[in-house]
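Visitor: Could you have a look at this structure, given as structure tokens, before my questions?
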Amino acid sequence: MSVQATGRLVLQWTLRNATCPVLNLRTILGSDNVRQRGFMTCRLLCSTHNQTSTLHQHTDLSQLQLQPGRELSIRALLDMGFTDTQADQLLEAATKGRGGQSEHASSTLMALFVLGLNPSSVLKVLEKCPELFYVKGTQLQQRMDNLRRLGLLEGSLQRVVSHYPQILTLPLRRVNTVARFLREKCAFTVQQATDIIRDSPAVVQDNLGQLEYKFQYAYFRMGVKQAEMVKSKLFRVTLEEVRCRHSFLERRGLYQTPDKKGQTLIVNPKLKDILAVTEETYLADIAMATQEEFKVFQKLMAREWQEEDDEQERDMGADSDDDDEKMKMRKI
């Protein structure tokens, strides 16, 4: 949806629903360029709507008011460009989240429209993540602006929100912490960290300890560098799957950890050929094994990992007991 079309849609909805609590559109429109284009659209539409109103002819977007406090209705949604079926589906999504429609539902829709999503995309986003109905429009805009500052420009930002709208429910601090973690702890470049968030947005909700372990496993055990990790979309795959596919190849003699000089006696398959393919392709082209063999191996690995976890817990318990004994001796 073009910026001009979005501005026209917003104005049409606004002019037909001009009697309720307000939200300033400056909090929704993010850039000066978008505001300027919206302003020109606003002046054009308002002057044709009421030729005698100098206020409409000279209004600025900072004075333009939306009515997000008003509950959504079929009529309002039709005015925004949704079909009858889409409007019904959207109303259902808006009310199933917490037992009632949020006062922020309208501003959520406005923010998603101004982002550049069309009605069909907006509906899909809100069906995936109805929690967005309960986020203030100002917060949505701040979070979108923050993603832009992290390098997700137009096009990339829309794809991320469409694929993983949950990213807009997270505080700025969480997203920024993960981006900084990727740069500082894992030594990714700024662009590589941006690419990871763009291609694997769910990474922003990963446990940082598990995230670091996955990076270290690929870097030290597999000898894979950061550029290849990004290219293979490592962070889309669970740690268990990475370890299982790698260990299976290793025990079949098809993968070897590089030495300190990065050399191996065999040619290791690329990480993307191990992870970024279906299990069938992995088994047929890389592991050269049957599904039955792989299933048996997965069960064995799960048992080994469980034994390792149990042993670590016992060691931690023993350390704790030793500390307690030392404290008792000190008291004596």
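Ligands are numbered from 1 in the order shown, chains are lettered A, B, ... in the order of the structure tokens, and residues start at 1 in each chain.
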Which of region 97-241 of chain A end up as helix (DSSP H, G or I) when DSSP is run on this backbone - answer as a PDB file with C-alpha atoms, in the first residue's frame?

Guide:
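Saved the output as part.pdb:
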ATOM      1  CA  ALA A 105      -7.485  -1.607  18.952  1.00  0.00           C
ATOM      2  CA  SER A 106      -8.048   1.319  16.588  1.00  0.00           C
ATOM      3  CA  SER A 107      -4.607   2.853  17.126  1.00  0.00           C
ATOM      4  CA  THR A 108      -3.065  -0.588  16.547  1.00  0.00           C
ATOM      5  CA  LEU A 109      -4.770  -0.774  13.164  1.00  0.00           C
ATOM      6  CA  MET A 110      -3.658   2.741  12.271  1.00  0.00           C
ATOM      7  CA  ALA A 111      -0.038   1.967  13.174  1.00  0.00           C
ATOM      8  CA  LEU A 112      -0.022  -1.181  11.024  1.00  0.00           C
ATOM      9  CA  PHE A 113      -1.598   0.643   8.087  1.00  0.00           C
ATOM     10  CA  VAL A 114       0.925   3.469   8.287  1.00  0.00           C
ATOM     11  CA  LEU A 115       3.697   0.838   8.379  1.00  0.00           C
ATOM     12  CA  PRO A 119      -5.873  -5.000   5.020  1.00  0.00           C
ATOM     13  CA  SER A 120      -5.134  -8.667   4.288  1.00  0.00           C
ATOM     14  CA  SER A 121      -1.679  -8.422   5.843  1.00  0.00           C
ATOM     15  CA  VAL A 122      -3.014  -6.518   8.857  1.00  0.00           C
ATOM     16  CA  LEU A 123      -5.595  -9.243   9.437  1.00  0.00           C
ATOM     17  CA  LYS A 124      -2.955 -12.000   9.265  1.00  0.00           C
ATOM     18  CA  VAL A 125      -0.680 -10.125  11.681  1.00  0.00           C
ATOM     19  CA  LEU A 126      -3.443  -9.654  14.246  1.00  0.00           C
ATOM     20  CA  GLU A 127      -4.665 -13.235  13.929  1.00  0.00           C
ATOM     21  CA  LYS A 128      -1.109 -14.424  14.599  1.00  0.00           C
ATOM     22  CA  PRO A 130      -3.907 -10.680  19.001  1.00  0.00           C
ATOM     23  CA  GLU A 131      -1.822  -9.317  21.901  1.00  0.00           C
ATOM     24  CA  LEU A 132      -1.041  -6.361  19.617  1.00  0.00           C
ATOM     25  CA  PHE A 133      -4.586  -5.116  20.178  1.00  0.00           C
ATOM     26  CA  TYR A 134      -3.555  -4.314  23.749  1.00  0.00           C
ATOM     27  CA  GLY A 137      -0.234   2.988  19.370  1.00  0.00           C
ATOM     28  CA  THR A 138       2.580   5.154  20.741  1.00  0.00           C
ATOM     29  CA  GLN A 139       4.418   2.061  21.984  1.00  0.00           C
ATOM     30  CA  LEU A 140       3.984   0.313  18.642  1.00  0.00           C
ATOM     31  CA  GLN A 141       5.457   3.308  16.859  1.00  0.00           C
ATOM     32  CA  GLN A 142       8.398   3.509  19.277  1.00  0.00           C
ATOM     33  CA  ARG A 143       9.147  -0.179  18.762  1.00  0.00           C
ATOM     34  CA  MET A 144       8.955   0.146  14.979  1.00  0.00           C
ATOM     35  CA  ASP A 145      11.264   3.162  15.089  1.00  0.00           C
ATOM     36  CA  ASN A 146      13.693   1.213  17.262  1.00  0.00           C
ATOM     37  CA  LEU A 147      13.786  -1.637  14.733  1.00  0.00           C
ATOM     38  CA  ARG A 148      14.548   0.921  12.035  1.00  0.00           C
ATOM     39  CA  ARG A 149      17.443   2.234  14.133  1.00  0.00           C
ATOM     40  CA  SER A 156      12.616  -5.671   5.778  1.00  0.00           C
ATOM     41  CA  LEU A 157      10.591  -4.191   8.639  1.00  0.00           C
ATOM     42  CA  GLN A 158       7.287  -5.093   7.016  1.00  0.00           C
ATOM     43  CA  ARG A 159       8.465  -8.670   6.409  1.00  0.00           C
ATOM     44  CA  VAL A 160       9.635  -9.072   9.993  1.00  0.00           C
ATOM     45  CA  VAL A 161       6.350  -7.760  11.422  1.00  0.00           C
ATOM     46  CA  SER A 162       4.320  -9.935   9.038  1.00  0.00           C
ATOM     47  CA  HIS A 163       6.338 -13.067   9.850  1.00  0.00           C
ATOM     48  CA  PRO A 165       4.501  -9.791  14.934  1.00  0.00           C
ATOM     49  CA  GLN A 166       5.361 -10.840  18.511  1.00  0.00           C
ATOM     50  CA  ILE A 167       8.474  -8.679  18.152  1.00  0.00           C
ATOM     51  CA  LEU A 168       6.231  -5.618  18.602  1.00  0.00           C
ATOM     52  CA  THR A 169       4.995  -6.880  21.978  1.00  0.00           C
ATOM     53  CA  LEU A 172      12.723  -1.876  23.563  1.00  0.00           C
ATOM     54  CA  ARG A 173      15.257  -2.977  26.173  1.00  0.00           C
ATOM     55  CA  ARG A 174      14.804  -6.667  25.350  1.00  0.00           C
ATOM     56  CA  VAL A 175      15.292  -6.245  21.604  1.00  0.00           C
ATOM     57  CA  ASN A 176      18.272  -3.932  22.095  1.00  0.00           C
ATOM     58  CA  THR A 177      19.836  -6.327  24.614  1.00  0.00           C
ATOM     59  CA  VAL A 178      19.745  -9.200  22.118  1.00  0.00           C
ATOM     60  CA  ALA A 179      21.160  -7.012  19.315  1.00  0.00           C
ATOM     61  CA  ARG A 180      23.982  -5.841  21.592  1.00  0.00           C
ATOM     62  CA  PHE A 181      24.591  -9.415  22.787  1.00  0.00           C
ATOM     63  CA  LEU A 182      25.043 -10.625  19.210  1.00  0.00           C
ATOM     64  CA  ARG A 183      27.576  -7.878  18.540  1.00  0.00           C
ATOM     65  CA  GLU A 184      29.527  -7.978  21.800  1.00  0.00           C
ATOM     66  CA  VAL A 190      26.339  -4.539  13.099  1.00  0.00           C
ATOM     67  CA  GLN A 191      25.042  -5.630   9.688  1.00  0.00           C
ATOM     68  CA  GLN A 192      25.254  -9.324  10.595  1.00  0.00           C
ATOM     69  CA  ALA A 193      23.286  -8.720  13.810  1.00  0.00           C
ATOM     70  CA  THR A 194      20.644  -6.888  11.766  1.00  0.00           C
ATOM     71  CA  ASP A 195      20.498  -9.762   9.264  1.00  0.00           C
ATOM     72  CA  ILE A 196      20.011 -12.259  12.100  1.00  0.00           C
ATOM     73  CA  ILE A 197      17.083 -10.301  13.549  1.00  0.00           C
ATOM     74  CA  ARG A 198      15.618  -9.879  10.054  1.00  0.00           C
ATOM     75  CA  ASP A 199      15.900 -13.562   9.093  1.00  0.00           C
ATOM     76  CA  PRO A 201      13.245 -12.544  14.505  1.00  0.00           C
ATOM     77  CA  ALA A 202      12.251 -15.090  17.168  1.00  0.00           C
ATOM     78  CA  VAL A 203      15.865 -14.829  18.382  1.00  0.00           C
ATOM     79  CA  VAL A 204      14.825 -11.763  20.411  1.00  0.00           C
ATOM     80  CA  GLN A 205      12.958 -14.077  22.797  1.00  0.00           C
ATOM     81  CA  LEU A 208      20.741 -15.523  26.237  1.00  0.00           C
ATOM     82  CA  GLY A 209      22.578 -18.421  27.828  1.00  0.00           C
ATOM     83  CA  GLN A 210      21.215 -20.866  25.260  1.00  0.00           C
ATOM     84  CA  LEU A 211      21.901 -18.344  22.507  1.00  0.00           C
ATOM     85  CA  GLU A 212      25.540 -18.058  23.537  1.00  0.00           C
ATOM     86  CA  TYR A 213      25.908 -21.831  23.836  1.00  0.00           C
ATOM     87  CA  LYS A 214      24.516 -22.312  20.311  1.00  0.00           C
ATOM     88  CA  PHE A 215      26.992 -19.762  18.961  1.00  0.00           C
ATOM     89  CA  GLN A 216      29.908 -21.344  20.812  1.00  0.00           C
ATOM     90  CA  TYR A 217      28.926 -24.817  19.664  1.00  0.00           C
ATOM     91  CA  ALA A 218      28.911 -23.744  16.022  1.00  0.00           C
ATOM     92  CA  TYR A 219      32.097 -21.689  16.410  1.00  0.00           C
ATOM     93  CA  PHE A 220      34.278 -24.028  18.461  1.00  0.00           C
ATOM     94  CA  ARG A 221      32.877 -27.542  17.891  1.00  0.00           C
ATOM     95  CA  GLN A 226      30.093 -15.732  11.813  1.00  0.00           C
ATOM     96  CA  ALA A 227      29.415 -15.030   8.132  1.00  0.00           C
ATOM     97  CA  GLU A 228      28.499 -18.658   7.494  1.00  0.00           C
ATOM     98  CA  MET A 229      26.265 -18.719  10.586  1.00  0.00           C
ATOM     99  CA  VAL A 230      24.292 -15.783   9.208  1.00  0.00           C
ATOM    100  CA  LYS A 231      24.085 -17.281   5.724  1.00  0.00           C
ATOM    101  CA  SER A 232      22.845 -20.619   7.064  1.00  0.00           C
ATOM    102  CA  LEU A 234      21.690 -20.817  12.333  1.00  0.00           C
ATOM    103  CA  PHE A 235      19.429 -19.063  14.822  1.00  0.00           C
ATOM    104  CA  ARG A 236      16.260 -20.388  13.229  1.00  0.00           C
ATOM    105  CA  LEU A 239      20.213 -26.095  19.704  1.00  0.00           C
ATOM    106  CA  GLU A 240      19.120 -29.741  19.932  1.00  0.00           C
ATOM    107  CA  GLU A 241      18.720 -30.004  16.170  1.00  0.00           C
TER     108      GLU A 241
END

Visitor: Residues within 8 Å of Leu91 (chain A), please, as a short mmCIF file (atom, residue, chain, number, x, y, z; two decimals) with C-alpha atoms, in the first residue's frame. Count only C-alpha atoms; anything in the same chain fewer than 6 positions from it doesn't count.

Guide:
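The result, written out as around-v7.cif:
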data_model
loop_
_atom_site.label_atom_id
_atom_site.label_comp_id
_atom_site.auth_asym_id
_atom_site.auth_seq_id
_atom_site.Cartn_x
_atom_site.Cartn_y
_atom_site.Cartn_z
CA LEU A 72 -14.26 -1.18 16.34
CA SER A 73 -17.38 -1.79 14.31
CA ILE A 74 -18.11 -3.46 10.99
#

Visitor: Write out as a PyMOL selection string which residues come within 12 Å of Glu293 (chain A) when counting only C-alpha atoms, dropping same-chain ones fewer than 5 positions away.

Guide: chain A and resi 248-249+252+283+287-288+298-300

Visitor: Measure the distance from CA of Tyr255 (chain A) to CA of Tyr282 (chain A) in Å and round it to one decimal.

Guide: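 Atom-to-atom, CA of Tyr255 (chain A) and CA of Tyr282 (chain A) are spaced 13.4 Å apart.
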
Visitor: Could you pull the residues within 10 Å of region 260-269 of chain A, counting only C-alpha atoms, minus those fewer than 4 positions along the same chain, as a PyMOL selection string?

Guide: chain A and resi 222-224+249-250+253-256+273-274+286-287

Visitor: Keeping only C-alpha atoms, write those residues as an mmCIF file, in the first residue's frame.

Guide:
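Contents of the output file out-v1.cif:
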data_model
loop_
_atom_site.group_PDB
_atom_site.id
_atom_site.type_symbol
_atom_site.label_atom_id
_atom_site.label_comp_id
_atom_site.auth_asym_id
_atom_site.auth_seq_id
_atom_site.Cartn_x
_atom_site.Cartn_y
_atom_site.Cartn_z
ATOM 1 C CA MET A 222 32.016 -27.114 14.240
ATOM 2 C CA GLY A 223 34.600 -24.497 13.284
ATOM 3 C CA VAL A 224 32.032 -22.236 11.601
ATOM 4 C CA LEU A 249 27.654 -36.617 10.714
ATOM 5 C CA GLU A 250 30.645 -36.629 13.049
ATOM 6 C CA GLY A 253 32.986 -39.833 9.769
ATOM 7 C CA LEU A 254 31.441 -37.134 7.577
ATOM 8 C CA TYR A 255 32.376 -34.102 9.692
ATOM 9 C CA GLN A 256 35.559 -33.188 11.484
ATOM 10 C CA ASP A 273 23.635 -27.682 3.726
ATOM 11 C CA ILE A 274 23.322 -29.264 7.163
ATOM 12 C CA ILE A 286 24.574 -35.055 3.405
ATOM 13 C CA ALA A 287 24.330 -37.882 5.955
#
